[in-house]
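See below for run18.cif, which holds mmCIF, C-alpha atoms.
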```cif
data_entry
#
loop_
_atom_site.label_atom_id
_atom_site.label_comp_id
_atom_site.auth_asym_id
_atom_site.auth_seq_id
_atom_site.Cartn_x
_atom_site.Cartn_y
_atom_site.Cartn_z
CA MET Q 1 -16.55 54.48 53.46
CA SER Q 2 -17.13 53.17 56.99
CA LEU Q 3 -14.19 52.23 59.19
CA ALA Q 4 -15.23 48.56 59.26
CA ARG Q 5 -15.48 48.39 55.49
CA ALA Q 6 -12.14 50.16 55.05
CA ARG Q 7 -10.47 47.59 57.29
CA GLU Q 8 -11.87 44.71 55.24
CA GLU Q 9 -11.04 46.30 51.87
CA ILE Q 10 -7.43 47.04 52.81
CA CYS Q 11 -6.89 43.46 53.96
CA HIS Q 12 -8.61 42.02 50.89
CA LEU Q 13 -6.50 44.14 48.55
CA GLY Q 14 -3.30 43.35 50.43
CA ARG Q 15 -3.91 39.62 50.13
CA SER Q 16 -4.76 39.94 46.43
CA LEU Q 17 -1.62 41.95 45.63
CA PHE Q 18 0.56 39.55 47.62
CA ASP Q 19 -0.92 36.40 46.09
CA ARG Q 20 -0.45 37.75 42.56
CA GLY Q 21 3.17 38.75 43.11
CA TYR Q 22 2.79 42.53 43.14
CA THR Q 23 4.37 42.66 46.59
CA HIS Q 24 6.57 40.38 48.66
CA GLY Q 25 7.84 39.89 52.20
CA THR Q 26 6.88 42.86 54.33
CA SER Q 27 7.17 45.40 51.50
CA GLY Q 28 4.43 47.81 50.49
CA ASN Q 29 1.77 49.73 52.37
CA ILE Q 30 -1.82 50.85 51.90
CA SER Q 31 -3.90 53.64 53.43
CA VAL Q 32 -7.46 54.94 53.27
CA LEU Q 33 -8.53 58.44 54.28
CA LEU Q 34 -11.91 58.37 56.01
CA ASP Q 35 -14.52 61.09 55.56
CA ASP Q 36 -13.86 62.48 59.04
CA GLY Q 37 -10.15 62.97 58.33
CA ARG Q 38 -8.89 59.90 60.16
CA MET Q 39 -6.46 57.66 58.28
CA LEU Q 40 -6.38 53.87 58.31
CA VAL Q 41 -2.98 52.48 57.30
CA THR Q 42 -1.10 49.20 57.30
CA PRO Q 43 1.30 48.66 60.21
CA THR Q 44 5.08 48.70 59.94
CA ASN Q 45 6.85 45.41 59.15
CA SER Q 46 3.61 43.71 58.14
CA SER Q 47 3.05 41.47 55.14
CA LEU Q 48 0.23 42.65 52.89
CA GLY Q 49 -0.59 38.98 52.45
CA GLY Q 50 -1.49 38.45 56.11
CA LEU Q 51 -3.06 41.64 57.42
CA ASP Q 52 -5.32 41.56 60.47
CA PRO Q 53 -8.20 44.06 60.18
CA ALA Q 54 -8.10 44.75 63.92
CA ALA Q 55 -4.34 45.46 63.87
CA LEU Q 56 -4.45 48.15 61.16
CA THR Q 57 -3.35 51.54 62.44
CA LEU Q 58 -6.03 54.20 62.89
CA LEU Q 59 -4.69 57.75 63.10
CA ASP Q 60 -6.48 60.97 63.95
CA PRO Q 61 -6.17 63.96 61.55
CA ALA Q 62 -3.10 65.14 63.48
CA GLY Q 63 -1.35 61.79 62.97
CA ARG Q 64 -1.79 60.46 66.50
CA ILE Q 65 -2.41 56.72 66.88
CA LEU Q 66 -5.94 55.94 68.02
CA GLU Q 67 -5.97 52.16 67.52
CA GLY Q 68 -3.79 49.36 66.25
CA LEU Q 69 -0.08 48.77 65.84
CA ALA Q 70 2.66 51.25 64.96
CA PRO Q 71 2.07 52.59 61.43
CA THR Q 72 4.20 52.04 58.36
CA LYS Q 73 7.43 54.05 58.33
CA GLU Q 74 6.21 55.52 55.02
CA LEU Q 75 3.60 57.64 56.78
CA PRO Q 76 5.25 60.94 55.60
CA LEU Q 77 4.82 59.74 52.02
CA HIS Q 78 1.11 59.01 52.52
CA GLY Q 79 0.52 62.32 54.26
CA ALA Q 80 2.19 64.27 51.47
CA MET Q 81 0.17 62.49 48.79
CA TYR Q 82 -3.10 63.28 50.57
CA ARG Q 83 -2.10 66.92 50.95
CA SER Q 84 -1.12 67.28 47.32
CA ARG Q 85 -4.07 65.33 45.90
CA GLY Q 86 -6.91 66.84 47.88
CA ALA Q 87 -9.61 64.56 46.47
CA ALA Q 88 -7.61 61.36 47.09
CA ARG Q 89 -9.10 58.85 49.49
CA ALA Q 90 -6.66 55.95 49.11
CA ILE Q 91 -2.95 55.36 48.48
CA VAL Q 92 -1.09 52.20 47.50
CA HIS Q 93 2.72 51.99 47.65
CA LEU Q 94 4.50 48.88 46.39
CA HIS Q 95 8.03 47.66 45.69
CA SER Q 96 6.79 45.84 42.57
CA THR Q 97 9.62 44.32 40.56
CA HIS Q 98 9.19 45.83 37.10
CA SER Q 99 8.43 49.33 38.34
CA VAL Q 100 11.52 49.27 40.56
CA ALA Q 101 13.64 47.94 37.70
CA ALA Q 102 12.40 50.65 35.35
CA SER Q 103 13.15 53.33 37.97
CA MET Q 104 16.84 52.43 37.79
CA LEU Q 105 17.21 53.05 34.06
CA PRO Q 106 19.16 56.06 32.80
CA GLY Q 107 17.60 58.77 30.68
CA LEU Q 108 14.05 58.65 32.08
CA ASP Q 109 11.92 61.78 31.81
CA PRO Q 110 11.17 62.75 35.44
CA THR Q 111 8.02 64.57 34.33
CA ASP Q 112 6.59 61.65 32.34
CA VAL Q 113 8.41 58.38 32.97
CA PHE Q 114 6.71 56.04 30.53
CA PRO Q 115 5.88 56.72 26.88
CA PRO Q 116 2.29 56.17 25.65
CA LEU Q 117 2.55 52.42 25.17
CA THR Q 118 -1.09 51.46 25.78
CA ALA Q 119 -4.51 53.04 26.06
CA TYR Q 120 -5.06 51.51 29.49
CA TYR Q 121 -1.97 53.13 30.97
CA LEU Q 122 -3.17 56.52 29.75
CA MET Q 123 -6.71 55.94 31.03
CA LYS Q 124 -5.86 54.40 34.40
CA VAL Q 125 -2.64 56.24 35.25
CA GLY Q 126 -2.13 59.18 32.88
CA ARG Q 127 1.39 60.39 33.73
CA THR Q 128 3.97 59.22 36.22
CA ALA Q 129 6.57 61.47 37.84
CA LEU Q 130 10.01 60.16 38.81
CA LEU Q 131 11.51 61.27 42.12
CA PRO Q 132 15.09 60.56 43.21
CA TYR Q 133 15.98 57.92 45.76
CA PHE Q 134 14.99 58.51 49.38
CA ARG Q 135 15.72 56.15 52.23
CA PRO Q 136 12.50 54.32 53.22
CA GLY Q 137 10.74 56.43 55.82
CA ASP Q 138 12.79 59.54 55.04
CA PRO Q 139 10.55 62.56 55.82
CA LEU Q 140 12.27 64.48 53.01
CA VAL Q 141 10.23 62.50 50.50
CA ALA Q 142 7.24 64.58 51.62
CA GLU Q 143 8.98 67.78 50.51
CA ALA Q 144 9.69 66.28 47.09
CA ILE Q 145 6.05 65.29 46.71
CA ASP Q 146 4.90 68.73 47.83
CA GLU Q 147 7.05 70.28 45.08
CA LEU Q 148 5.01 68.39 42.47
CA GLN Q 149 2.04 70.60 43.51
CA GLY Q 150 -0.54 67.86 43.12
CA ALA Q 151 0.05 67.38 39.39
CA TYR Q 152 0.51 63.60 39.65
CA SER Q 153 -1.55 60.80 41.12
CA SER Q 154 1.24 58.39 40.17
CA ILE Q 155 4.85 58.72 41.36
CA LEU Q 156 7.81 56.41 40.90
CA LEU Q 157 10.51 56.58 43.58
CA ALA Q 158 13.92 55.70 42.14
CA ASN Q 159 15.34 52.38 43.39
CA HIS Q 160 12.26 52.01 45.60
CA GLY Q 161 8.86 51.69 43.91
CA PRO Q 162 5.57 53.26 42.82
CA VAL Q 163 3.10 55.31 44.85
CA VAL Q 164 -0.41 55.83 43.49
CA SER Q 165 -3.39 57.71 44.91
CA GLY Q 166 -7.02 57.36 43.90
CA LEU Q 167 -10.51 58.59 44.64
CA SER Q 168 -11.13 55.11 46.05
CA LEU Q 169 -9.08 52.11 47.04
CA ALA Q 170 -10.28 50.24 43.96
CA GLU Q 171 -9.14 53.10 41.70
CA ALA Q 172 -5.69 53.31 43.31
CA ALA Q 173 -5.28 49.53 43.09
CA ALA Q 174 -6.26 49.40 39.42
CA ALA Q 175 -3.86 52.23 38.59
CA ILE Q 176 -0.85 50.75 40.38
CA GLU Q 177 -1.42 47.37 38.74
CA GLU Q 178 -1.61 49.05 35.34
CA LEU Q 179 1.56 50.98 36.17
CA GLU Q 180 3.40 47.76 37.00
CA GLN Q 181 2.29 46.11 33.75
CA THR Q 182 3.35 49.21 31.80
CA ALA Q 183 6.78 49.08 33.44
CA LYS Q 184 7.03 45.43 32.38
CA LEU Q 185 6.14 46.34 28.79
CA TYR Q 186 8.64 49.18 28.86
CA LEU Q 187 11.41 46.84 29.93
CA LEU Q 188 10.45 44.47 27.12
CA VAL Q 189 10.12 46.94 24.25
CA GLY Q 190 10.89 50.45 25.44
CA HIS Q 191 14.41 50.56 24.03
CA ARG Q 192 13.58 48.81 20.76
CA GLY Q 193 11.78 51.51 18.82
CA ALA Q 194 8.31 50.39 19.82
CA GLN Q 195 5.36 51.92 18.03
CA LEU Q 196 3.68 54.39 20.39
CA LEU Q 197 0.26 56.01 20.45
CA ASN Q 198 0.38 59.33 18.66
CA CYS Q 199 -0.19 62.75 20.26
CA GLU Q 200 -3.86 62.94 19.31
CA GLU Q 201 -4.55 59.44 20.62
CA THR Q 202 -2.60 60.16 23.79
CA GLU Q 203 -4.34 63.43 24.70
CA ALA Q 204 -7.75 61.87 24.12
CA LEU Q 205 -7.03 59.21 26.74
CA ARG Q 206 -4.93 60.68 29.56
CA CYS Q 207 -6.60 60.69 32.98
CA ASN Q 208 -4.37 63.50 34.37
#
```
Please, can you express the file's structure as structure tokens?
Amino acid sequence: MSLARAREEICHLGRSLFDRGYTHGTSGNISVLLDDGRMLVTPTNSSLGGLDPAALTLLDPAGRILEGLAPTKELPLHGAMYRSRGAARAIVHLHSTHSVAASMLPGLDPTDVFPPLTAYYLMKVGRTALLPYFRPGDPLVAEAIDELQGAYSSILLANHGPVVSGLSLAEAAAAIEELEQTAKLYLLVGHRGAQLLNCEETEALRCN
């Protein structure tokens, strides 16, 4: 993906997520890893609903700012996800309501947060890991992601929100939206003995 196209796609996605209620205020951040190793990321304290393509932060492979405003404070999180998921080319991190609410529930399986409620969750997301709470911008979150050894493209940060990587920005966006809808379903039926997909159906559909 060219730099110019990446700028436009990030802004388009940010506006779409904001307008549809997946993010609010100045929460959430998006990044794209370019073919030459540079990273384009949303600036700190910026609303995804009003991003300026020219103000997005361009970083060199060493993390130095080349263009734009100061980057999101969640840069350590993005860097760790790219390291652990070597093929990833985009990351979306939101504070979406239902995912955050689900992350606060007791008794969640940290290796596989949500049960197999729908085929689309299994196809678009696969499995989601749960990590404990980290202060926003805490560099220690990178160590926790590293410990997952690249096994998850989808991570839920307790009391914070989801982080999803993808081979493209469109893939990451589709997965995080599916994750949010799955969290909503889980809050609606997850504690009421819902009928789940069986093991055979689940293994035939999982993406990771």
Practice task
Might you spell out which residues the PyMOL selection byres ((chain Q and resi 110) around 7) would select in the displayed file, as a ChimeraX atom specification?
Solution key: /Q:108-109,111-113,129-131
Would you mind exporting the chosen residues as an mmCIF file, keeping the file's coordinate frame, restricted to C-alpha atoms?
```
data_model
loop_
_atom_site.group_PDB
_atom_site.id
_atom_site.type_symbol
_atom_site.label_atom_id
_atom_site.label_comp_id
_atom_site.auth_asym_id
_atom_site.auth_seq_id
_atom_site.Cartn_x
_atom_site.Cartn_y
_atom_site.Cartn_z
ATOM 1 C CA LEU Q 108 14.050 58.650 32.080
ATOM 2 C CA ASP Q 109 11.920 61.780 31.810
ATOM 3 C CA THR Q 111 8.020 64.570 34.330
ATOM 4 C CA ASP Q 112 6.590 61.650 32.340
ATOM 5 C CA VAL Q 113 8.410 58.380 32.970
ATOM 6 C CA ALA Q 129 6.570 61.470 37.840
ATOM 7 C CA LEU Q 130 10.010 60.160 38.810
ATOM 8 C CA LEU Q 131 11.510 61.270 42.120
#
```
Notebook entry, point to check: So which residues are close to (6.8, 60.4, 59.3), meaning at most 10 Å away in the file's coordinates with only C-alpha atoms counted, and can you show them as a list in words?
Noted result: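 Within 10 Å of (6.8, 60.4, 59.3), the protein and nucleic acid residues are Gly63, Pro71, Thr72, Lys73, Glu74, Leu75, Pro76, Leu77, His78, Gly79, Ala80, Gly137, Asp138, Pro139, Leu140, Val141 and Ala142 of chain Q.
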Margin query: Could you tell me, as JSON, numbers by chain, exactly which residues end up selected when the PyMOL selection byres ((chain Q and resi 104) around 10) is applied to this structure?
Written below: {"Q": [99, 100, 101, 102, 103, 105, 106, 107, 108, 132, 133, 157, 158, 159, 160]}
Task: Local residues around (-7.1, 61.2, 47.7), at most 8 Å away, using all atoms listed in the file, as a list in words - done: Leu33, Met81, Tyr82, Arg85, Gly86, Ala87, Ala88, Arg89, Ala90, Ile91, Ser165, Gly166, Leu167 and Ser168 of chain Q
_Nearest candidate to Cys11 of chain Q (options Q:Glu178, Q:Ser153, Q:Leu188, Q:Leu48; using only C-alpha atoms)_ =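 The closest residue to Cys11 of chain Q is Q:Leu48.
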| task | Could you give me, as a PyMOL selection string, the residues within 12 Å of segment 21-24 of chain Q, counting only C-alpha atoms and dropping anything in the same chain fewer than 2 positions from it? | result | chain Q and resi 13-19+26-30+45-50+92-100+161-162+173-174+176-181+184
Find the spatial neighbours of Leu3 of chain Q, counting only C-alpha atoms, within a cut-off of 9 Å - ignore same-chain residues fewer than 3 positions away - and output them as a PDB file with C-alpha atoms, in the frame of the given file.
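New file selection-v5.pdb:
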```
ATOM      1  CA  ALA Q   6     -12.140  50.160  55.050  1.00  0.00           C
ATOM      2  CA  ARG Q   7     -10.470  47.590  57.290  1.00  0.00           C
ATOM      3  CA  GLU Q   8     -11.870  44.710  55.240  1.00  0.00           C
ATOM      4  CA  LEU Q  34     -11.910  58.370  56.010  1.00  0.00           C
ATOM      5  CA  LEU Q  40      -6.380  53.870  58.310  1.00  0.00           C
TER       6      LEU Q  40
END
```
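Nearest to Pro115 of chain Q of all the residues Q:Ile65, Q:Ala194, Q:Ser84, Q:Val163 is Q:Ala194, based on all atoms listed in the file.
Here atom CA of Thr57 of chain Q is placed at a distance of 15.9 Å from atom CA of His12 of chain Q.
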task: Could you check how far atom CA of Leu69 of chain Q sits from atom CA of Ile145 of chain Q, in Å to one decimal?
output: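 Separation between atom CA of Leu69 of chain Q and atom CA of Ile145 of chain Q: 26.0 Å.
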Length of the atom CA of Phe134 of chain Q to atom CA of Arg38 of chain Q vector [Å]: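 Those two atoms sit 26.2 Å apart.
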Among Q:Leu51, Q:Ala144, Q:Leu169, Q:Ala183, Thr128 of chain Q is approached most closely, using all atoms listed in the file, by Q:Ala183
| request: Please identify all polymer residues within 7 Å of Val125 of chain Q, counting all atoms listed in the file, omitting same-chain residues fewer than 5 positions from it, and present them as a list in words. | output: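 The contact residues come out as Ser154, Ala175, Leu179 and Cys207 of chain Q.
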